[in-house]
>>> print(open('structure33.pdb').read())   # PDB, C-alpha atoms
ATOM      1  CA  MET A   1      79.028   1.315 114.547
ATOM      2  CA  ARG A   2      76.361   2.761 116.811
ATOM      3  CA  GLN A   3      76.151   1.335 120.315
ATOM      4  CA  ARG A   4      73.220  -0.938 121.188
ATOM      5  CA  ARG A   5      71.996  -2.074 124.605
ATOM      6  CA  LEU A   6      68.815  -3.341 126.230
ATOM      7  CA  ASP A   7      66.537  -0.719 127.761
ATOM      8  CA  ALA A   8      67.496  -0.556 131.437
ATOM      9  CA  LEU A   9      64.124   1.005 132.299
ATOM     10  CA  SER A  10      62.147  -1.946 130.992
ATOM     11  CA  PRO A  11      64.438  -4.947 130.486
ATOM     12  CA  GLU A  12      61.510  -7.322 130.411
ATOM     13  CA  SER A  13      60.336  -5.749 127.154
ATOM     14  CA  GLN A  14      63.650  -6.503 125.400
ATOM     15  CA  VAL A  15      63.659  -3.093 123.734
ATOM     16  CA  VAL A  16      67.050  -2.307 122.183
ATOM     17  CA  VAL A  17      68.350   1.208 122.826
ATOM     18  CA  GLU A  18      70.660   2.707 120.189
ATOM     19  CA  ASP A  19      72.828   5.752 120.785
ATOM     20  CA  PRO A  20      71.908   8.829 118.712
ATOM     21  CA  ALA A  21      73.878   9.110 115.487
ATOM     22  CA  ILE A  22      73.863  10.801 112.093
ATOM     23  CA  TRP A  23      73.116   7.905 109.765
ATOM     24  CA  ALA A  24      71.617   7.175 106.345
ATOM     25  CA  HIS A  25      70.833   3.941 104.524
ATOM     26  CA  ARG A  26      69.176   2.742 101.341
ATOM     27  CA  GLY A  27      67.818  -0.717 100.584
ATOM     28  CA  SER A  28      65.137  -3.230 101.441
ATOM     29  CA  ALA A  29      63.621  -3.300 104.909
ATOM     30  CA  PRO A  30      65.900  -5.066 107.406
ATOM     31  CA  GLN A  31      64.675  -7.852 109.644
ATOM     32  CA  MET A  32      64.005  -6.688 113.207
ATOM     33  CA  ASP A  33      63.625  -9.318 115.923
ATOM     34  CA  LYS A  34      63.180  -6.739 118.693
ATOM     35  CA  SER A  35      61.751  -3.256 118.989
ATOM     36  CA  HIS A  36      64.296  -0.491 119.285
ATOM     37  CA  ARG A  37      64.361   3.183 120.160
ATOM     38  CA  HIS A  38      66.869   5.991 119.735
ATOM     39  CA  ASP A  39      66.871   9.738 120.421
ATOM     40  CA  ASP A  40      66.937  10.730 116.758
ATOM     41  CA  LEU A  41      64.610  12.318 114.278
ATOM     42  CA  GLU A  42      63.988   9.515 111.783
ATOM     43  CA  LEU A  43      62.980  10.001 108.158
ATOM     44  CA  ASN A  44      61.729   7.114 106.004
ATOM     45  CA  TYR A  45      61.165   7.577 102.270
ATOM     46  CA  VAL A  46      59.535   4.578 100.582
ATOM     47  CA  VAL A  47      60.348   4.382  96.881
ATOM     48  CA  SER A  48      58.732   1.003  96.193
ATOM     49  CA  GLY A  49      56.959  -1.619  98.263
ATOM     50  CA  HIS A  50      56.040  -0.477 101.770
ATOM     51  CA  LEU A  51      57.216  -0.341 105.380
ATOM     52  CA  HIS A  52      54.995  -2.023 107.957
ATOM     53  CA  TYR A  53      55.788  -0.881 111.500
ATOM     54  CA  LEU A  54      54.678  -1.792 114.964
ATOM     55  CA  PHE A  55      55.051   1.674 116.468
ATOM     56  CA  GLY A  56      54.385   2.083 120.185
ATOM     57  CA  GLY A  57      52.111  -0.976 120.070
ATOM     58  CA  GLU A  58      50.116   0.246 117.047
ATOM     59  CA  ARG A  59      50.429  -0.768 113.402
ATOM     60  CA  LEU A  60      51.662   1.806 110.907
ATOM     61  CA  LEU A  61      51.851   1.308 107.134
ATOM     62  CA  VAL A  62      54.044   3.633 105.059
ATOM     63  CA  GLU A  63      53.296   3.077 101.384
ATOM     64  CA  ALA A  64      55.368   3.825  98.300
ATOM     65  CA  GLY A  65      55.654   7.501  97.440
ATOM     66  CA  ARG A  66      55.325   8.629 101.057
ATOM     67  CA  ILE A  67      57.699  10.035 103.676
ATOM     68  CA  ALA A  68      57.368   9.213 107.369
ATOM     69  CA  MET A  69      58.970  11.487 109.951
ATOM     70  CA  PHE A  70      59.026  10.810 113.697
ATOM     71  CA  TRP A  71      60.921  11.121 116.934
ATOM     72  CA  ALA A  72      62.286   7.603 117.345
ATOM     73  CA  SER A  73      62.250   7.465 121.162
ATOM     74  CA  THR A  74      59.000   5.481 120.924
ATOM     75  CA  PRO A  75      59.830   1.729 120.658
ATOM     76  CA  HIS A  76      59.226   0.564 117.100
ATOM     77  CA  ARG A  77      60.088  -2.299 114.782
ATOM     78  CA  LEU A  78      59.383  -3.436 111.244
ATOM     79  CA  ILE A  79      56.938  -6.307 110.862
ATOM     80  CA  ASP A  80      57.744  -9.173 108.524
ATOM     81  CA  ASP A  81      55.502  -9.583 105.509
ATOM     82  CA  ASP A  82      55.788 -10.920 101.963
ATOM     83  CA  ASP A  83      56.824  -7.564 100.468
ATOM     84  CA  ARG A  84      59.422  -6.625 103.097
ATOM     85  CA  SER A  85      62.464  -7.800 101.166
ATOM     86  CA  SER A  86      61.343  -6.605  97.722
ATOM     87  CA  GLY A  87      60.866  -2.902  98.409
ATOM     88  CA  ASN A  88      63.299  -0.022  98.281
ATOM     89  CA  SER A  89      63.424   2.659 100.973
ATOM     90  CA  TYR A  90      65.688   5.267 102.532
ATOM     91  CA  TRP A  91      66.341   5.811 106.238
ATOM     92  CA  VAL A  92      67.892   8.964 107.699
ATOM     93  CA  HIS A  93      68.610   9.520 111.425
ATOM     94  CA  ILE A  94      69.487  12.936 112.868
ATOM     95  CA  PRO A  95      70.232  13.222 116.635
ATOM     96  CA  LEU A  96      67.628  15.182 118.535
ATOM     97  CA  ALA A  97      70.324  17.494 119.909
ATOM     98  CA  THR A  98      71.183  18.453 116.315
ATOM     99  CA  VAL A  99      67.505  19.062 115.540
ATOM    100  CA  PHE A 100      67.268  21.394 118.547
ATOM    101  CA  SER A 101      70.201  23.392 117.186
ATOM    102  CA  TRP A 102      68.074  24.183 114.110
ATOM    103  CA  ALA A 103      66.013  26.552 116.303
ATOM    104  CA  LEU A 104      62.720  25.445 114.734
ATOM    105  CA  PRO A 105      59.604  27.479 115.573
ATOM    106  CA  GLY A 106      57.897  26.158 118.697
ATOM    107  CA  GLU A 107      54.856  24.878 116.826
ATOM    108  CA  GLN A 108      57.027  22.819 114.476
ATOM    109  CA  LEU A 109      59.162  21.448 117.304
ATOM    110  CA  ARG A 110      56.092  20.378 119.264
ATOM    111  CA  GLU A 111      54.822  18.409 116.269
ATOM    112  CA  LEU A 112      58.131  16.529 116.038
ATOM    113  CA  LEU A 113      57.968  15.603 119.725
ATOM    114  CA  THR A 114      54.615  13.857 119.578
ATOM    115  CA  SER A 115      54.304  10.106 119.769
ATOM    116  CA  ARG A 116      52.883   9.490 116.278
ATOM    117  CA  PRO A 117      54.718   9.798 112.963
ATOM    118  CA  ILE A 118      53.894  12.418 110.368
ATOM    119  CA  VAL A 119      53.288  10.583 107.080
ATOM    120  CA  LEU A 120      52.920  12.681 103.938
ATOM    121  CA  PRO A 121      53.051  12.131 100.175
ATOM    122  CA  VAL A 122      56.391  13.010  98.656
ATOM    123  CA  GLU A 123      54.628  15.743  96.640
ATOM    124  CA  ALA A 124      54.262  17.664  99.911
ATOM    125  CA  THR A 125      57.949  18.587  99.690
ATOM    126  CA  GLY A 126      57.529  20.332  96.340
ATOM    127  CA  ARG A 127      60.878  18.851  95.355
ATOM    128  CA  GLU A 128      62.418  15.875  93.567
ATOM    129  CA  VAL A 129      63.621  14.117  96.701
ATOM    130  CA  GLU A 130      65.095  10.794  95.579
ATOM    131  CA  PRO A 131      68.343  12.366  94.269
ATOM    132  CA  MET A 132      68.703  14.167  97.609
ATOM    133  CA  PHE A 133      68.205  10.999  99.659
ATOM    134  CA  THR A 134      70.679   9.197  97.401
ATOM    135  CA  SER A 135      73.325  11.858  97.974
ATOM    136  CA  TRP A 136      72.696  11.878 101.742
ATOM    137  CA  VAL A 137      73.602   8.193 101.991
ATOM    138  CA  GLU A 138      77.075   9.170 100.744
ATOM    139  CA  ASP A 139      77.309  12.568 102.436
ATOM    140  CA  LEU A 140      76.346  11.600 105.994
ATOM    141  CA  THR A 141      79.596   9.778 106.672
ATOM    142  CA  GLY A 142      81.629  12.603 108.181
ATOM    143  CA  GLY A 143      83.056  13.850 104.889
ATOM    144  CA  PRO A 144      83.374  17.430 103.630
ATOM    145  CA  THR A 145      79.775  17.586 102.344
ATOM    146  CA  GLU A 146      78.075  16.298 105.505
ATOM    147  CA  GLN A 147      77.096  19.777 106.684
ATOM    148  CA  CYS A 148      75.606  20.537 103.259
ATOM    149  CA  ALA A 149      73.463  17.411 103.612
ATOM    150  CA  LEU A 150      72.343  18.436 107.104
ATOM    151  CA  LEU A 151      71.229  21.824 105.797
ATOM    152  CA  GLU A 152      69.270  20.119 103.011
ATOM    153  CA  ILE A 153      67.631  17.756 105.516
ATOM    154  CA  GLN A 154      66.697  20.671 107.751
ATOM    155  CA  ALA A 155      65.057  22.412 104.771
ATOM    156  CA  LEU A 156      63.155  19.260 103.814
ATOM    157  CA  VAL A 157      61.931  18.711 107.380
ATOM    158  CA  GLN A 158      60.660  22.278 107.562
ATOM    159  CA  ARG A 159      58.893  21.964 104.203
ATOM    160  CA  LEU A 160      57.137  18.835 105.463
ATOM    161  CA  LEU A 161      56.185  20.556 108.724
ATOM    162  CA  PHE A 162      54.862  23.643 106.920
ATOM    163  CA  HIS A 163      52.728  21.378 104.727
ATOM    164  CA  TYR A 164      51.510  19.337 107.672
ATOM    165  CA  LEU A 165      50.559  22.400 109.737
ATOM    166  CA  ASP A 166      48.740  23.924 106.747
ATOM    167  CA  HIS A 167      46.682  20.721 106.432
ATOM    168  CA  ARG A 168      46.526  19.807 110.106
ATOM    169  CA  ASP A 169      42.750  19.470 110.250
ATOM    170  CA  ASP A 170      42.954  16.790 107.550
ATOM    171  CA  GLN A 171      45.745  14.945 109.370
ATOM    172  CA  GLN A 172      44.883  15.387 113.050
ATOM    173  CA  GLN A 173      42.937  12.167 113.418
ATOM    174  CA  LEU A 174      46.094  10.271 112.459
ATOM    175  CA  ARG A 175      48.120  11.692 115.364
ATOM    176  CA  ALA A 176      47.950  10.852 119.040
ATOM    177  CA  PRO A 177      49.062  13.228 121.797
ATOM    178  CA  HIS A 178      52.382  12.471 123.424
ATOM    179  CA  PRO A 179      51.815  10.633 126.734
ATOM    180  CA  HIS A 180      54.190  13.098 128.464
ATOM    181  CA  ASN A 181      52.981  16.235 126.697
ATOM    182  CA  ASP A 182      53.698  18.528 129.673
ATOM    183  CA  GLY A 183      57.291  17.287 129.761
ATOM    184  CA  MET A 184      57.662  17.860 126.018
ATOM    185  CA  GLN A 185      56.387  21.404 126.404
ATOM    186  CA  HIS A 186      59.030  22.082 129.052
ATOM    187  CA  ILE A 187      61.747  20.706 126.745
ATOM    188  CA  VAL A 188      60.586  23.027 123.958
ATOM    189  CA  GLU A 189      60.561  25.984 126.345
ATOM    190  CA  MET A 190      64.115  25.270 127.525
ATOM    191  CA  ALA A 191      65.403  24.868 123.960
ATOM    192  CA  GLN A 192      63.726  28.083 122.812
ATOM    193  CA  PHE A 193      64.950  30.035 125.843
ATOM    194  CA  THR A 194      68.504  28.817 125.190
ATOM    195  CA  VAL A 195      68.434  29.795 121.500
ATOM    196  CA  ALA A 196      67.070  33.251 122.375
ATOM    197  CA  ASN A 197      69.502  33.964 125.228
ATOM    198  CA  PHE A 198      72.740  31.972 124.763
ATOM    199  CA  ARG A 199      74.652  35.161 123.884
ATOM    200  CA  SER A 200      73.957  36.433 127.408
ATOM    201  CA  ASP A 201      75.634  35.297 130.622
ATOM    202  CA  ILE A 202      73.110  32.564 131.424
ATOM    203  CA  THR A 203      73.625  29.230 133.168
ATOM    204  CA  PRO A 204      71.874  25.855 132.766
ATOM    205  CA  ALA A 205      70.140  26.424 136.106
ATOM    206  CA  GLU A 206      68.707  29.739 134.861
ATOM    207  CA  ILE A 207      67.467  28.063 131.687
ATOM    208  CA  ALA A 208      65.789  25.379 133.770
ATOM    209  CA  LYS A 209      64.127  28.010 135.967
ATOM    210  CA  ALA A 210      62.497  29.491 132.853
ATOM    211  CA  THR A 211      60.203  26.449 132.845
ATOM    212  CA  HIS A 212      59.104  27.165 136.451
ATOM    213  CA  LEU A 213      60.258  23.688 137.417
ATOM    214  CA  ASN A 214      62.746  22.548 140.012
ATOM    215  CA  PRO A 215      66.102  23.137 138.252
ATOM    216  CA  ASN A 216      67.465  19.666 139.056
ATOM    217  CA  TYR A 217      64.312  18.006 137.727
ATOM    218  CA  ALA A 218      64.263  20.214 134.615
ATOM    219  CA  MET A 219      67.910  19.489 133.798
ATOM    220  CA  THR A 220      67.367  15.756 134.298
ATOM    221  CA  LEU A 221      64.280  15.849 132.062
ATOM    222  CA  PHE A 222      66.254  17.610 129.335
ATOM    223  CA  ARG A 223      69.180  15.179 129.532
ATOM    224  CA  GLU A 224      66.984  12.076 129.437
ATOM    225  CA  THR A 225      64.861  13.400 126.567
ATOM    226  CA  VAL A 226      67.412  15.089 124.317
ATOM    227  CA  GLY A 227      70.369  12.821 125.042
ATOM    228  CA  THR A 228      72.728  15.605 126.093
ATOM    229  CA  THR A 229      72.994  17.871 129.098
ATOM    230  CA  LEU A 230      71.518  21.350 129.137
ATOM    231  CA  GLY A 231      75.025  22.740 129.682
ATOM    232  CA  ASN A 232      76.326  20.893 126.637
ATOM    233  CA  TYR A 233      73.403  22.157 124.542
ATOM    234  CA  LEU A 234      74.130  25.734 125.685
ATOM    235  CA  THR A 235      77.779  25.302 124.680
ATOM    236  CA  ARG A 236      76.699  23.822 121.333
ATOM    237  CA  CYS A 237      74.659  26.970 120.579
ATOM    238  CA  ARG A 238      77.565  29.232 121.546
ATOM    239  CA  MET A 239      80.049  27.196 119.519
ATOM    240  CA  ALA A 240      77.862  27.347 116.399
ATOM    241  CA  GLU A 241      77.585  31.142 116.739
ATOM    242  CA  ALA A 242      81.331  31.510 117.301
ATOM    243  CA  GLN A 243      82.091  29.458 114.203
ATOM    244  CA  ARG A 244      79.659  31.545 112.171
ATOM    245  CA  LEU A 245      81.333  34.767 113.306
ATOM    246  CA  LEU A 246      84.828  33.392 112.666
ATOM    247  CA  LEU A 247      83.888  32.498 109.098
ATOM    248  CA  THR A 248      81.708  35.476 108.160
ATOM    249  CA  THR A 249      83.158  38.495 109.995
ATOM    250  CA  ASN A 250      86.500  40.138 110.746
ATOM    251  CA  MET A 251      85.743  40.428 114.467
ATOM    252  CA  THR A 252      88.629  39.666 116.819
ATOM    253  CA  THR A 253      88.555  36.469 118.861
ATOM    254  CA  SER A 254      88.008  38.554 121.983
ATOM    255  CA  GLU A 255      84.967  40.216 120.410
ATOM    256  CA  ILE A 256      83.631  36.850 119.229
ATOM    257  CA  ALA A 257      84.105  35.357 122.697
ATOM    258  CA  HIS A 258      81.753  37.931 124.181
ATOM    259  CA  ALA A 259      79.346  38.088 121.221
ATOM    260  CA  SER A 260      78.776  34.317 121.338
ATOM    261  CA  GLY A 261      78.173  34.194 125.086
ATOM    262  CA  PHE A 262      81.412  32.724 126.451
ATOM    263  CA  GLY A 263      82.067  35.772 128.621
ATOM    264  CA  SER A 264      85.855  35.670 128.454
ATOM    265  CA  GLN A 265      88.489  34.960 125.844
ATOM    266  CA  SER A 266      90.076  32.262 128.028
ATOM    267  CA  SER A 267      86.776  30.367 128.383
ATOM    268  CA  PHE A 268      86.130  30.662 124.656
ATOM    269  CA  TYR A 269      89.632  29.453 123.791
ATOM    270  CA  ALA A 270      89.370  26.458 126.149
ATOM    271  CA  HIS A 271      85.968  25.355 124.841
ATOM    272  CA  PHE A 272      86.908  25.902 121.206
ATOM    273  CA  THR A 273      90.218  24.053 121.253
ATOM    274  CA  ARG A 274      88.678  21.129 123.149
ATOM    275  CA  SER A 275      85.825  20.845 120.632
ATOM    276  CA  CYS A 276      87.693  21.547 117.382
ATOM    277  CA  ASN A 277      91.250  20.495 118.243
ATOM    278  CA  VAL A 278      92.550  23.796 116.857
ATOM    279  CA  SER A 279      92.626  27.379 118.106
ATOM    280  CA  PRO A 280      89.953  29.840 116.916
ATOM    281  CA  SER A 281      92.518  31.687 114.789
ATOM    282  CA  ALA A 282      93.761  28.471 113.180
ATOM    283  CA  TYR A 283      90.173  27.383 112.548
ATOM    284  CA  ARG A 284      89.380  30.687 110.816
ATOM    285  CA  HIS A 285      92.506  30.528 108.657
ATOM    286  CA  GLY A 286      92.073  26.858 107.729
ATOM    287  CA  ALA A 287      88.311  27.024 107.118
ATOM    288  CA  ARG A 288      88.562  30.105 104.915
ATOM    289  CA  GLY A 289      91.312  28.478 102.888
ATOM    290  CA  GLU A 290      89.188  25.339 102.512
ATOM    291  CA  GLN A 291      86.120  27.379 101.564
ATOM    292  CA  HIS A 292      88.132  29.128  98.840
ATOM    293  CA  ARG A 293      89.441  25.812  97.501
ATOM    294  CA  LEU A 294      85.989  24.182  97.470
ATOM    295  CA  ALA A 295      84.343  27.267  95.990
ATOM    296  CA  SER A 296      86.711  27.032  93.049
ATOM    297  CA  HIS A 297      85.198  23.578  92.438
ATOM    298  CA  GLY A 298      81.622  24.724  92.967
ATOM    299  CA  ILE A 299      81.278  23.082  96.403
ATOM    300  CA  GLY A 300      80.143  24.729  99.628
ATOM    301  CA  ARG A 301      81.194  23.619 103.091
ATOM    302  CA  THR A 302      80.854  24.675 106.719
ATOM    303  CA  THR A 303      82.691  22.694 109.370
ATOM    304  CA  ILE A 304      80.817  22.121 112.638
ATOM    305  CA  CYS A 305      82.690  21.234 115.843
ATOM    306  CA  SER A 306      80.952  19.295 118.613
ATOM    307  CA  PRO A 307      81.245  20.199 122.307
ATOM    308  CA  GLN A 308      82.739  17.403 124.375
ATOM    309  CA  ALA A 309      80.483  15.919 127.040
TER     310      ALA A 309
END
>>> encode(input="structure33.pdb", output="structure tokens")
Amino acid sequence: MRQRRLDALSPESQVVVEDPAIWAHRGSAPQMDKSHRHDDLELNYVVSGHLHYLFGGERLLVEAGRIAMFWASTPHRLIDDDDRSSGNSYWVHIPLATVFSWALPGEQLRELLTSRPIVLPVEATGREVEPMFTSWVEDLTGGPTEQCALLEIQALVQRLLFHYLDHRDDQQQLRAPHPHNDGMQHIVEMAQFTVANFRSDITPAEIAKATHLNPNYAMTLFRETVGTTLGNYLTRCRMAEAQRLLLTTNMTTSEIAHASGFGSQSSFYAHFTRSCNVSPSAYRHGARGEQHRLASHGIGRTTICSPQA
């Protein structure tokens, strides 16, 4: 159950703040008495009927056969109408910190961090998407196929962004610039710098300096926007690389510690065991055994551990 609370920055508005979470749902549009916001990438796919939003004070209609994609930090709520309960839609939420770990090109990331949704016909994906959304509702529950679903969602998001950017002139009048566009640009710069340099001996303060901002301000901006600290995001990048090397190479744990940016085997071991609850060697042995078992059944799996805050 995701945590909900009133927005401490504007309690008079009665905006509900939800913690970021991987989540998927299918059904008719729920009743919303208050606007809410959450630091997730949200995907809506409308199969029948429509979704009628009040999004940042403006009305937004998502009709059947269309996919809406937006950063859900802007307060939004569904508006009651006669067709609300008769339609059928899918909702998918992916935490922004997870989206950053995808290392999207800067142009794509900037489009996701604007204040208006991208709404495109389902044909823009070039795929039959309803079976995928149906499977995600089951997969995004922490089971063995969750990571497969996340990879599929990442691919779908990029297909939508490629289509949108190719047809941007036709769509631009539908989008509004983000009210804090300079801040969003700094967030993108910090995320890109981290992805490009996490294997080196860099610190959160050095990442923040890459934006030419005061480091304390830059780190606060990142934490408030992304929902995790810059240090935790740096560790997340290093952990993902270490897991990849454990599963796909025969490098020693000492070699992986340095190749993934941890600097020392002791630091790598401490971070890894705290995040995954097993040692790197045990993770490699167990994950490879699981991969072999699942492969024999035609299933792929990669386990992702999460750095502790």
>>> resolve_selection(input="structure33.pdb", expression="the PyMOL selection byres ((chain A and resi 74) around 9)", output="number ranges by chain")
A: 36-39, 55-56, 70-73, 75-76, 115-116
>>> closest_residue(input="structure33.pdb", among="A:Val16, A:Gly27, A:Val129, A:Ile187", to="Ile67 in chain A", atoms="all atoms listed in the file")
A:Val129
>>> atom_distance(input="structure33.pdb", atom1="CA of Thr249 in chain A", atom2="CA of Ala282 in chain A")
14.9 Å
>>> residues_around(input="structure33.pdb", residues="Cys237 in chain A", least_positions_apart="4", cutoff="7 Å", atoms="all atoms listed in the file", output="PyMOL selection string")
chain A and resi 101+195+198+233+241
>>> closest_residue(input="structure33.pdb", among="A:Ser281, A:Asn44, A:Thr145, A:Ser264", to="Leu61 in chain A", atoms="all atoms listed in the file")
A:Asn44
>>> atom_distance(input="structure33.pdb", atom1="CA of Tyr283 in chain A", atom2="CA of Thr141 in chain A")
21.4 Å
>>> resolve_selection(input="structure33.pdb", expression="the PyMOL selection byres ((chain A and resi 94) around 6)", output="PyMOL selection string")
chain A and resi 22+40-41+93+95
>>> atom_distance(input="structure33.pdb", atom1="CA of Tyr45 in chain A", atom2="CA of Tyr90 in chain A")
5.1 Å
>>> residues_around(input="structure33.pdb", residues="Ala242 in chain A", least_positions_apart="2", cutoff="8 Å", atoms="all atoms listed in the file", output="list in words")
Arg238, Met239, Ala240, Arg244, Leu245, Leu246, Ile256, Ala257, Ala259 and Ser260 of chain A
>>> write_last_selection(input="structure33.pdb", atoms="C-alpha atoms", output="compact mmCIF listing (two decimals), keeping the file's coordinate frame")
# COMPACT_ATOMS: atom_id res chain seq x y z
CA ARG A 238 77.56 29.23 121.55
CA MET A 239 80.05 27.20 119.52
CA ALA A 240 77.86 27.35 116.40
CA ARG A 244 79.66 31.54 112.17
CA LEU A 245 81.33 34.77 113.31
CA LEU A 246 84.83 33.39 112.67
CA ILE A 256 83.63 36.85 119.23
CA ALA A 257 84.10 35.36 122.70
CA ALA A 259 79.35 38.09 121.22
CA SER A 260 78.78 34.32 121.34
>>> closest_residue(input="structure33.pdb", among="A:Ala149, A:Val46, A:Leu140, A:Leu78", to="Leu120 in chain A", atoms="only C-alpha atoms")
A:Val46
>>> closest_residue(input="structure33.pdb", among="A:Ser275, A:Leu234, A:Pro105, A:Glu152", to="Ser200 in chain A", atoms="all atoms listed in the file")
A:Leu234
>>> resolve_selection(input="structure33.pdb", expression="the PyMOL selection byres ((chain A and resi 191) around 9)", output="ChimeraX atom specification")
/A:100-101,103,186-190,192-196,207,230,233-234
>>> closest_residue(input="structure33.pdb", among="A:Arg77, A:Arg168, A:Arg26, A:Arg199", to="Ser135 in chain A", atoms="all atoms listed in the file")
A:Arg26
>>> closest_residue(input="structure33.pdb", among="A:Pro121, A:Gly286, A:Phe262, A:Gln185", to="His212 in chain A", atoms="all atoms listed in the file")
A:Gln185
